[in-house]
Amino acid sequence: MSKTMIIEAVRKTVTVDCTVEEAFRVFTADAESWWPTDSHSIYDEVREIVFEEHEGGEVYEVSRAGEKGHWATVVAWEPPGRLVLAWNILERDPTATELEVRFLADGGGTRVELEHRGWEALAADAAERRDSYDTGWDHVLGKYATRGASA
Amino acid sequence: MSANGHPLDALGDPTRRQVFELLREGPRSVGELAGQVPVSRPAVSQHLRVLEDAGLVSYRRVGTRHLYELDGAGVAELHAWVDDFWNVALARFKAAAERSNQGGRT
């Protein structure tokens, strides 16, 4: 029997000095302006990042040569407040992690809350294949437990 | 080759992603993998080394068989890497959104 592993979601919050609408627009339609494509893209040179603006839409990069590299599928498209993507770190669906981004009015600006979750599916897969419990997990889960306790 | 490659960099290559995905189905030998991807056996070995350096797969001997399999620690590493990634990406996003705001909407 495999152990159930809970890997905490990655959670980030950032406050931005602009309207909720503008924050949502820059995050999606203007992703080239901030996504670190130099280091984090499928192809070496990215010409464009496309968010298809509807549920079931695709998020992908287009290389300078015109090749398309799939990133994610849109699970929820609720501008300007919320966006959920099934983020394919790998190409097949079972390994998709989920990215949820919320845009909330905060004073004159916008609070952006990001949650990248669903590591369990990826981890369970790896763990099931192993004969023995990996020490790497002990280390990492211990770290999260500590962080959770101090939060 | 980096001794400590990033998991996502390691998975940036389509053949390596394919190898990684085959290993999701269970441990495989180099020969078995080579039969399922469109590259030579030495090339598969090379790809496996990159995946191993990134902590995504590990290697094990079962009797006379040499098997590669997914490594749970690699997934944890991937998670830590994604955590760092969002720190960087969101700082850039904040700068871009505020720049855009200052310049007015286009």
# chains A, B, ... in the order shown; residues from 1 in each chain; ligands from 1
call {"tool": "interface_residues", "arguments": {"of": "chain B", "to": "chain A", "cutoff": "10 Å", "atoms": "only C-alpha atoms", "output": "ChimeraX atom specification"}}
result
/B:8-9,11-14,17-18,20-21,23-27,56-57,69-80,82-102,104-105
call {"tool": "write_last_selection", "arguments": {"atoms": "N, CA and C atoms", "output": "short mmCIF file (atom, residue, chain, number, x, y, z; two decimals), in the first residue's frame"}}
result
data_model
loop_
_atom_site.label_atom_id
_atom_site.label_comp_id
_atom_site.auth_asym_id
_atom_site.auth_seq_id
_atom_site.Cartn_x
_atom_site.Cartn_y
_atom_site.Cartn_z
N LEU B 8 13.15 21.09 -14.14
CA LEU B 8 12.40 21.58 -15.30
C LEU B 8 13.28 21.75 -16.52
N ASP B 9 14.55 22.06 -16.28
CA ASP B 9 15.46 22.14 -17.42
C ASP B 9 15.64 20.75 -18.00
N LEU B 11 13.58 18.46 -18.03
CA LEU B 11 12.36 18.06 -18.73
C LEU B 11 12.06 18.96 -19.92
N GLY B 12 12.98 19.88 -20.20
CA GLY B 12 12.78 20.79 -21.33
C GLY B 12 12.91 20.09 -22.67
N ASP B 13 13.54 18.94 -22.67
CA ASP B 13 13.76 18.22 -23.92
C ASP B 13 12.64 17.20 -24.16
N PRO B 14 12.05 17.20 -25.35
CA PRO B 14 10.91 16.30 -25.61
C PRO B 14 11.21 14.81 -25.41
N ARG B 17 11.33 14.15 -21.75
CA ARG B 17 9.97 14.11 -21.18
C ARG B 17 9.33 12.77 -21.47
N GLN B 18 9.57 12.28 -22.70
CA GLN B 18 8.99 11.00 -23.10
C GLN B 18 9.55 9.86 -22.23
N PHE B 20 10.81 10.19 -19.23
CA PHE B 20 10.26 10.39 -17.88
C PHE B 20 8.84 9.84 -17.79
N GLU B 21 8.07 10.10 -18.83
CA GLU B 21 6.68 9.64 -18.81
C GLU B 21 6.58 8.12 -18.92
N LEU B 23 8.68 6.14 -17.63
CA LEU B 23 9.06 5.64 -16.31
C LEU B 23 7.92 5.80 -15.30
N ARG B 24 6.97 6.65 -15.63
CA ARG B 24 5.78 6.77 -14.77
C ARG B 24 5.01 5.45 -14.75
N GLU B 25 5.18 4.67 -15.79
CA GLU B 25 4.45 3.39 -15.86
C GLU B 25 5.18 2.29 -15.10
N GLY B 26 6.40 2.57 -14.68
CA GLY B 26 7.15 1.58 -13.93
C GLY B 26 8.61 1.57 -14.35
N PRO B 27 9.45 0.86 -13.56
CA PRO B 27 10.88 0.81 -13.86
C PRO B 27 11.14 0.19 -15.23
N LEU B 56 15.47 13.36 -10.85
CA LEU B 56 14.13 12.90 -11.24
C LEU B 56 14.04 11.39 -11.38
N VAL B 57 15.13 10.75 -11.73
CA VAL B 57 15.10 9.29 -11.82
C VAL B 57 16.30 8.73 -11.04
N GLU B 69 14.13 4.21 -12.57
CA GLU B 69 12.78 4.45 -12.07
C GLU B 69 12.66 5.89 -11.59
N LEU B 70 11.44 6.34 -11.41
CA LEU B 70 11.23 7.70 -10.93
C LEU B 70 11.69 7.83 -9.49
N ASP B 71 12.15 9.00 -9.16
CA ASP B 71 12.65 9.27 -7.82
C ASP B 71 11.77 10.31 -7.14
N GLY B 72 11.17 9.91 -6.04
CA GLY B 72 10.27 10.82 -5.31
C GLY B 72 10.95 12.10 -4.88
N ALA B 73 12.22 12.03 -4.58
CA ALA B 73 12.95 13.22 -4.15
C ALA B 73 12.98 14.26 -5.27
N GLY B 74 12.96 13.77 -6.49
CA GLY B 74 12.98 14.68 -7.63
C GLY B 74 11.73 15.53 -7.70
N VAL B 75 10.60 14.92 -7.33
CA VAL B 75 9.34 15.67 -7.34
C VAL B 75 9.39 16.76 -6.27
N ALA B 76 9.97 16.41 -5.13
CA ALA B 76 10.09 17.40 -4.05
C ALA B 76 10.99 18.55 -4.49
N GLU B 77 12.03 18.19 -5.21
CA GLU B 77 12.96 19.20 -5.70
C GLU B 77 12.24 20.11 -6.70
N LEU B 78 11.42 19.49 -7.52
CA LEU B 78 10.64 20.23 -8.50
C LEU B 78 9.74 21.25 -7.78
N HIS B 79 9.15 20.81 -6.70
CA HIS B 79 8.26 21.65 -5.90
C HIS B 79 9.04 22.85 -5.33
N ALA B 80 10.19 22.59 -4.78
CA ALA B 80 11.00 23.66 -4.20
C ALA B 80 11.42 24.64 -5.30
N VAL B 82 9.78 25.27 -8.08
CA VAL B 82 8.61 26.05 -8.49
C VAL B 82 8.35 27.18 -7.48
N ASP B 83 8.56 26.88 -6.21
CA ASP B 83 8.40 27.89 -5.16
C ASP B 83 9.33 29.08 -5.44
N ASP B 84 10.57 28.79 -5.69
CA ASP B 84 11.54 29.86 -6.01
C ASP B 84 11.14 30.58 -7.29
N PHE B 85 10.71 29.79 -8.24
CA PHE B 85 10.35 30.37 -9.53
C PHE B 85 9.29 31.46 -9.38
N TRP B 86 8.24 31.18 -8.58
CA TRP B 86 7.16 32.17 -8.44
C TRP B 86 7.61 33.43 -7.72
N ASN B 87 8.58 33.31 -6.83
CA ASN B 87 9.13 34.52 -6.20
C ASN B 87 9.69 35.46 -7.27
N VAL B 88 10.46 34.88 -8.15
CA VAL B 88 11.09 35.66 -9.21
C VAL B 88 10.03 36.18 -10.19
N ALA B 89 9.16 35.28 -10.63
CA ALA B 89 8.17 35.64 -11.65
C ALA B 89 7.21 36.71 -11.14
N LEU B 90 6.76 36.60 -9.89
CA LEU B 90 5.80 37.58 -9.38
C LEU B 90 6.44 38.95 -9.14
N ALA B 91 7.71 38.97 -8.81
CA ALA B 91 8.41 40.25 -8.67
C ALA B 91 8.46 40.94 -10.04
N ARG B 92 8.71 40.14 -11.04
CA ARG B 92 8.74 40.69 -12.41
C ARG B 92 7.35 41.13 -12.84
N PHE B 93 6.35 40.36 -12.46
CA PHE B 93 4.96 40.70 -12.79
C PHE B 93 4.58 42.03 -12.16
N LYS B 94 4.93 42.19 -10.88
CA LYS B 94 4.61 43.44 -10.16
C LYS B 94 5.24 44.63 -10.90
N ALA B 95 6.50 44.50 -11.26
CA ALA B 95 7.19 45.59 -11.96
C ALA B 95 6.50 45.90 -13.29
N ALA B 96 6.14 44.86 -14.01
CA ALA B 96 5.51 45.06 -15.33
C ALA B 96 4.13 45.70 -15.20
N ALA B 97 3.35 45.26 -14.23
CA ALA B 97 2.00 45.79 -14.05
C ALA B 97 2.04 47.25 -13.63
N GLU B 98 3.01 47.60 -12.78
CA GLU B 98 3.10 48.98 -12.30
C GLU B 98 3.66 49.90 -13.38
N ARG B 99 4.54 49.36 -14.19
CA ARG B 99 5.07 50.11 -15.34
C ARG B 99 3.93 50.40 -16.30
N SER B 100 3.14 49.39 -16.54
CA SER B 100 2.02 49.50 -17.46
C SER B 100 1.00 50.52 -16.94
N ASN B 101 0.81 50.50 -15.64
CA ASN B 101 -0.13 51.41 -15.00
C ASN B 101 0.33 52.86 -15.13
N GLN B 102 1.63 53.06 -14.94
CA GLN B 102 2.21 54.39 -15.02
C GLN B 102 2.09 54.97 -16.41
N GLY B 104 -0.11 54.37 -18.48
CA GLY B 104 -1.50 54.46 -18.91
C GLY B 104 -1.83 53.29 -19.79
N ARG B 105 -3.10 53.06 -19.98
CA ARG B 105 -3.52 51.88 -20.75
C ARG B 105 -3.37 52.16 -22.23
#
call {"tool": "select_by_dssp", "arguments": {"residues": "range 2-66 of chain A", "states": "alpha helix (DSSP H)", "output": "JSON, numbers by chain"}}
result
{"A": [20, 21, 22, 23, 24, 25, 26, 27, 28]}
call {"tool": "write_last_selection", "arguments": {"atoms": "C-alpha atoms", "output": "compact mmCIF listing (two decimals), in the first residue's frame"}}
result
# COMPACT_ATOMS: atom_id res chain seq x y z
CA VAL A 20 -7.64 44.62 -10.61
CA GLU A 21 -8.50 44.76 -14.32
CA GLU A 22 -5.02 45.93 -15.25
CA ALA A 23 -3.35 43.30 -13.06
CA PHE A 24 -5.40 40.54 -14.69
CA ARG A 25 -4.67 41.91 -18.14
CA VAL A 26 -0.91 42.12 -17.59
CA PHE A 27 -0.81 38.65 -16.02
CA THR A 28 -2.52 37.05 -19.02
call {"tool": "residues_around", "arguments": {"residues": "Pro38 in chain B", "least_positions_apart": "4", "cutoff": "12 Å", "atoms": "only C-alpha atoms", "output": "list in words"}}
result
Pro14, Thr15, Arg16, Gln18, Val19, Leu33, Ala34, Pro42, Ala43 and Val44 of chain B
call {"tool": "write_last_selection", "arguments": {"atoms": "C-alpha atoms", "output": "compact mmCIF listing (two decimals), in the first residue's frame"}}
result
# COMPACT_ATOMS: atom_id res chain seq x y z
CA PRO B 14 10.91 16.30 -25.61
CA THR B 15 12.74 12.96 -25.63
CA ARG B 16 13.59 13.29 -21.95
CA GLN B 18 8.99 11.00 -23.10
CA VAL B 19 11.48 8.88 -21.15
CA LEU B 33 13.26 2.52 -23.14
CA ALA B 34 15.25 2.58 -26.37
CA PRO B 42 23.43 5.58 -26.22
CA ALA B 43 21.21 8.65 -26.60
CA VAL B 44 18.72 7.17 -24.14
call {"tool": "atom_distance", "arguments": {"atom1": "CA of Val62 in chain B", "atom2": "CA of Arg41 in chain B"}}
result
19.9 Å
call {"tool": "residues_around", "arguments": {"residues": "Gly66 in chain A", "least_positions_apart": "3", "cutoff": "10 Å", "atoms": "only C-alpha atoms", "output": "PDB file with N, CA and C atoms, in the first residue's frame"}}
result
ATOM      1  N   VAL A  46      11.386  32.868 -27.176  1.00  0.00           N
ATOM      2  CA  VAL A  46       9.929  32.910 -27.189  1.00  0.00           C
ATOM      3  C   VAL A  46       9.457  34.219 -27.820  1.00  0.00           C
ATOM      4  N   ARG A  47       8.579  34.083 -28.786  1.00  0.00           N
ATOM      5  CA  ARG A  47       8.063  35.259 -29.478  1.00  0.00           C
ATOM      6  C   ARG A  47       6.802  35.764 -28.790  1.00  0.00           C
ATOM      7  N   GLU A  48       6.034  34.819 -28.273  1.00  0.00           N
ATOM      8  CA  GLU A  48       4.720  35.180 -27.769  1.00  0.00           C
ATOM      9  C   GLU A  48       4.237  34.173 -26.731  1.00  0.00           C
ATOM     10  N   GLU A  61       3.321  28.856 -25.445  1.00  0.00           N
ATOM     11  CA  GLU A  61       4.312  29.791 -25.954  1.00  0.00           C
ATOM     12  C   GLU A  61       4.509  29.523 -27.439  1.00  0.00           C
ATOM     13  N   VAL A  62       4.928  30.563 -28.143  1.00  0.00           N
ATOM     14  CA  VAL A  62       5.256  30.404 -29.553  1.00  0.00           C
ATOM     15  C   VAL A  62       6.719  30.805 -29.700  1.00  0.00           C
ATOM     16  N   SER A  63       7.512  29.906 -30.237  1.00  0.00           N
ATOM     17  CA  SER A  63       8.939  30.184 -30.379  1.00  0.00           C
ATOM     18  C   SER A  63       9.157  31.142 -31.540  1.00  0.00           C
ATOM     19  N   GLY A  69       4.539  25.592 -27.936  1.00  0.00           N
ATOM     20  CA  GLY A  69       4.854  24.761 -26.765  1.00  0.00           C
ATOM     21  C   GLY A  69       3.757  24.885 -25.729  1.00  0.00           C
TER      22      GLY A  69
END
call {"tool": "atom_distance", "arguments": {"atom1": "CA of Ala86 in chain A", "atom2": "CA of His54 in chain A"}}
result
13.2 Å
